[in-house]
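Since the structure comes first, as structure tokens, the remarks are kept for the end.
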Amino acid sequence: MPWIAKHGFSVSYWSFTFGATALASATPRAAGKTEDPAITSLAIGLFVLTNLTMLAILAGTAVLTGSGSLLPATVPKPEDK
């Protein structure tokens with residue numbers, strides 16, 4: 001977390017959502033194939049954690065969009081001047 005606090009949020013954090021959602025969708029499948037309550041608890045915990053992660057990334061994106069700094073400004077080419 002210190003790196004995030006130092007450098008701030010960026011659009012590239014959306015790349016974490018792919019792995020997080022894959023992990024959260026795999027554990028319920030595993031929980032469905034076993035009777036182990038630990039796996040079921042893990043599936044629920046990862047589901048909640050993934051949704052919190054998604055909400056945090058969505059909120060960060062909304063803040064950057066609202067401030068107009070979601071994407072970097074374009075720099076004119078020398079021949080455009």
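In the structure tokens, the first chain shown is A, the next is B, and so on; residue numbers restart at 1 for each chain, and ligands run from 1 in the order shown.
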Worksheet item: If you count only C-alpha atoms, which residues fall within 6 Å of region 20-29 of chain A, apart from same-chain ones fewer than 4 positions away, as a list in words?
Response: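 Once the adjacent positions are removed, what remains is Ala43, Leu46, Phe47 and Thr50 of chain A.
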Discussion item. From a backbone DSSP assignment, name each residue in region 16-72 of chain A labelled helix (DSSP H, G or I), as JSON, numbers by chain.
Written reply: {"A": [16, 17, 18, 19, 20, 21, 22, 23, 24, 25, 26, 27, 28, 29, 30, 31, 32, 37, 38, 39, 40, 41, 42, 43, 44, 45, 46, 47, 48, 49, 50, 51, 52, 53, 54, 55, 56, 57, 58, 59, 60, 61, 62, 63, 64, 65, 66, 67]}
Could you write out that same residue set with N, CA and C atoms as a short mmCIF file (atom, residue, chain, number, x, y, z; two decimals), in the first residue's frame?
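And here is the file that came out, result-v1.cif:
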data_model
loop_
_atom_site.label_atom_id
_atom_site.label_comp_id
_atom_site.auth_asym_id
_atom_site.auth_seq_id
_atom_site.Cartn_x
_atom_site.Cartn_y
_atom_site.Cartn_z
N PHE A 16 -5.52 -5.39 -12.27
CA PHE A 16 -5.68 -6.27 -11.12
C PHE A 16 -7.05 -6.94 -11.10
N THR A 17 -8.02 -6.35 -11.75
CA THR A 17 -9.38 -6.89 -11.67
C THR A 17 -9.50 -8.24 -12.38
N PHE A 18 -8.71 -8.46 -13.41
CA PHE A 18 -8.80 -9.73 -14.14
C PHE A 18 -8.42 -10.90 -13.25
N GLY A 19 -7.30 -10.79 -12.58
CA GLY A 19 -6.86 -11.86 -11.67
C GLY A 19 -7.76 -12.01 -10.46
N ALA A 20 -8.23 -10.88 -9.93
CA ALA A 20 -9.10 -10.92 -8.75
C ALA A 20 -10.42 -11.61 -9.08
N THR A 21 -11.01 -11.28 -10.22
CA THR A 21 -12.28 -11.91 -10.57
C THR A 21 -12.10 -13.38 -10.93
N ALA A 22 -10.97 -13.73 -11.53
CA ALA A 22 -10.70 -15.14 -11.83
C ALA A 22 -10.57 -15.95 -10.54
N LEU A 23 -9.88 -15.39 -9.57
CA LEU A 23 -9.72 -16.07 -8.29
C LEU A 23 -11.05 -16.20 -7.56
N ALA A 24 -11.84 -15.14 -7.60
CA ALA A 24 -13.14 -15.17 -6.92
C ALA A 24 -14.14 -16.10 -7.60
N SER A 25 -13.98 -16.31 -8.89
CA SER A 25 -14.91 -17.21 -9.58
C SER A 25 -14.46 -18.67 -9.52
N ALA A 26 -13.19 -18.91 -9.27
CA ALA A 26 -12.68 -20.29 -9.19
C ALA A 26 -12.99 -20.94 -7.85
N THR A 27 -12.97 -20.17 -6.77
CA THR A 27 -13.18 -20.78 -5.46
C THR A 27 -14.61 -21.28 -5.25
N PRO A 28 -15.66 -20.63 -5.76
CA PRO A 28 -16.99 -21.24 -5.61
C PRO A 28 -17.11 -22.57 -6.35
N ARG A 29 -16.41 -22.68 -7.47
CA ARG A 29 -16.42 -23.97 -8.19
C ARG A 29 -15.77 -25.05 -7.35
N ALA A 30 -14.66 -24.68 -6.72
CA ALA A 30 -13.98 -25.65 -5.84
C ALA A 30 -14.85 -25.98 -4.63
N ALA A 31 -15.53 -24.97 -4.10
CA ALA A 31 -16.40 -25.19 -2.94
C ALA A 31 -17.58 -26.09 -3.30
N GLY A 32 -18.04 -26.01 -4.54
CA GLY A 32 -19.15 -26.86 -4.98
C GLY A 32 -18.76 -28.31 -5.14
N PRO A 37 -15.99 -26.95 4.80
CA PRO A 37 -16.49 -25.61 5.11
C PRO A 37 -15.41 -24.53 4.99
N ALA A 38 -14.14 -24.91 5.10
CA ALA A 38 -13.06 -23.94 4.96
C ALA A 38 -13.01 -23.39 3.53
N ILE A 39 -13.24 -24.25 2.55
CA ILE A 39 -13.24 -23.81 1.15
C ILE A 39 -14.44 -22.91 0.89
N THR A 40 -15.58 -23.25 1.48
CA THR A 40 -16.76 -22.40 1.33
C THR A 40 -16.53 -21.03 1.96
N SER A 41 -15.92 -21.00 3.13
CA SER A 41 -15.60 -19.73 3.78
C SER A 41 -14.60 -18.93 2.95
N LEU A 42 -13.62 -19.61 2.39
CA LEU A 42 -12.64 -18.96 1.54
C LEU A 42 -13.32 -18.35 0.31
N ALA A 43 -14.24 -19.07 -0.29
CA ALA A 43 -14.96 -18.58 -1.46
C ALA A 43 -15.75 -17.32 -1.13
N ILE A 44 -16.41 -17.32 0.00
CA ILE A 44 -17.19 -16.15 0.41
C ILE A 44 -16.26 -14.97 0.70
N GLY A 45 -15.17 -15.23 1.40
CA GLY A 45 -14.22 -14.17 1.70
C GLY A 45 -13.59 -13.56 0.46
N LEU A 46 -13.21 -14.41 -0.50
CA LEU A 46 -12.63 -13.90 -1.73
C LEU A 46 -13.65 -13.14 -2.57
N PHE A 47 -14.90 -13.58 -2.53
CA PHE A 47 -15.96 -12.86 -3.24
C PHE A 47 -16.11 -11.45 -2.68
N VAL A 48 -16.15 -11.35 -1.35
CA VAL A 48 -16.28 -10.03 -0.72
C VAL A 48 -15.05 -9.17 -1.00
N LEU A 49 -13.86 -9.74 -0.87
CA LEU A 49 -12.64 -9.00 -1.12
C LEU A 49 -12.55 -8.52 -2.57
N THR A 50 -12.94 -9.36 -3.49
CA THR A 50 -12.93 -8.98 -4.90
C THR A 50 -13.90 -7.83 -5.16
N ASN A 51 -15.07 -7.91 -4.58
CA ASN A 51 -16.03 -6.83 -4.79
C ASN A 51 -15.56 -5.52 -4.17
N LEU A 52 -14.92 -5.58 -3.03
CA LEU A 52 -14.36 -4.37 -2.42
C LEU A 52 -13.23 -3.79 -3.29
N THR A 53 -12.41 -4.67 -3.84
CA THR A 53 -11.35 -4.23 -4.75
C THR A 53 -11.93 -3.56 -5.98
N MET A 54 -12.94 -4.16 -6.55
CA MET A 54 -13.59 -3.59 -7.74
C MET A 54 -14.20 -2.23 -7.42
N LEU A 55 -14.85 -2.11 -6.28
CA LEU A 55 -15.45 -0.84 -5.89
C LEU A 55 -14.39 0.23 -5.67
N ALA A 56 -13.28 -0.14 -5.06
CA ALA A 56 -12.20 0.83 -4.83
C ALA A 56 -11.61 1.30 -6.16
N ILE A 57 -11.41 0.40 -7.09
CA ILE A 57 -10.86 0.77 -8.38
C ILE A 57 -11.87 1.61 -9.16
N LEU A 58 -13.13 1.26 -9.08
CA LEU A 58 -14.18 2.05 -9.73
C LEU A 58 -14.25 3.45 -9.14
N ALA A 59 -14.15 3.56 -7.82
CA ALA A 59 -14.18 4.87 -7.16
C ALA A 59 -12.96 5.69 -7.56
N GLY A 60 -11.80 5.08 -7.60
CA GLY A 60 -10.59 5.79 -8.03
C GLY A 60 -10.70 6.29 -9.45
N THR A 61 -11.28 5.48 -10.31
CA THR A 61 -11.48 5.88 -11.70
C THR A 61 -12.47 7.04 -11.78
N ALA A 62 -13.52 6.98 -10.99
CA ALA A 62 -14.52 8.06 -10.99
C ALA A 62 -13.90 9.37 -10.50
N VAL A 63 -13.05 9.29 -9.49
CA VAL A 63 -12.39 10.50 -8.99
C VAL A 63 -11.48 11.10 -10.05
N LEU A 64 -10.69 10.26 -10.72
CA LEU A 64 -9.81 10.76 -11.77
C LEU A 64 -10.60 11.33 -12.95
N THR A 65 -11.72 10.68 -13.27
CA THR A 65 -12.56 11.18 -14.35
C THR A 65 -13.15 12.54 -13.99
N GLY A 66 -13.62 12.66 -12.76
CA GLY A 66 -14.20 13.92 -12.30
C GLY A 66 -13.20 15.06 -12.26
N SER A 67 -11.96 14.74 -11.96
CA SER A 67 -10.93 15.79 -11.90
C SER A 67 -10.31 16.08 -13.26
#
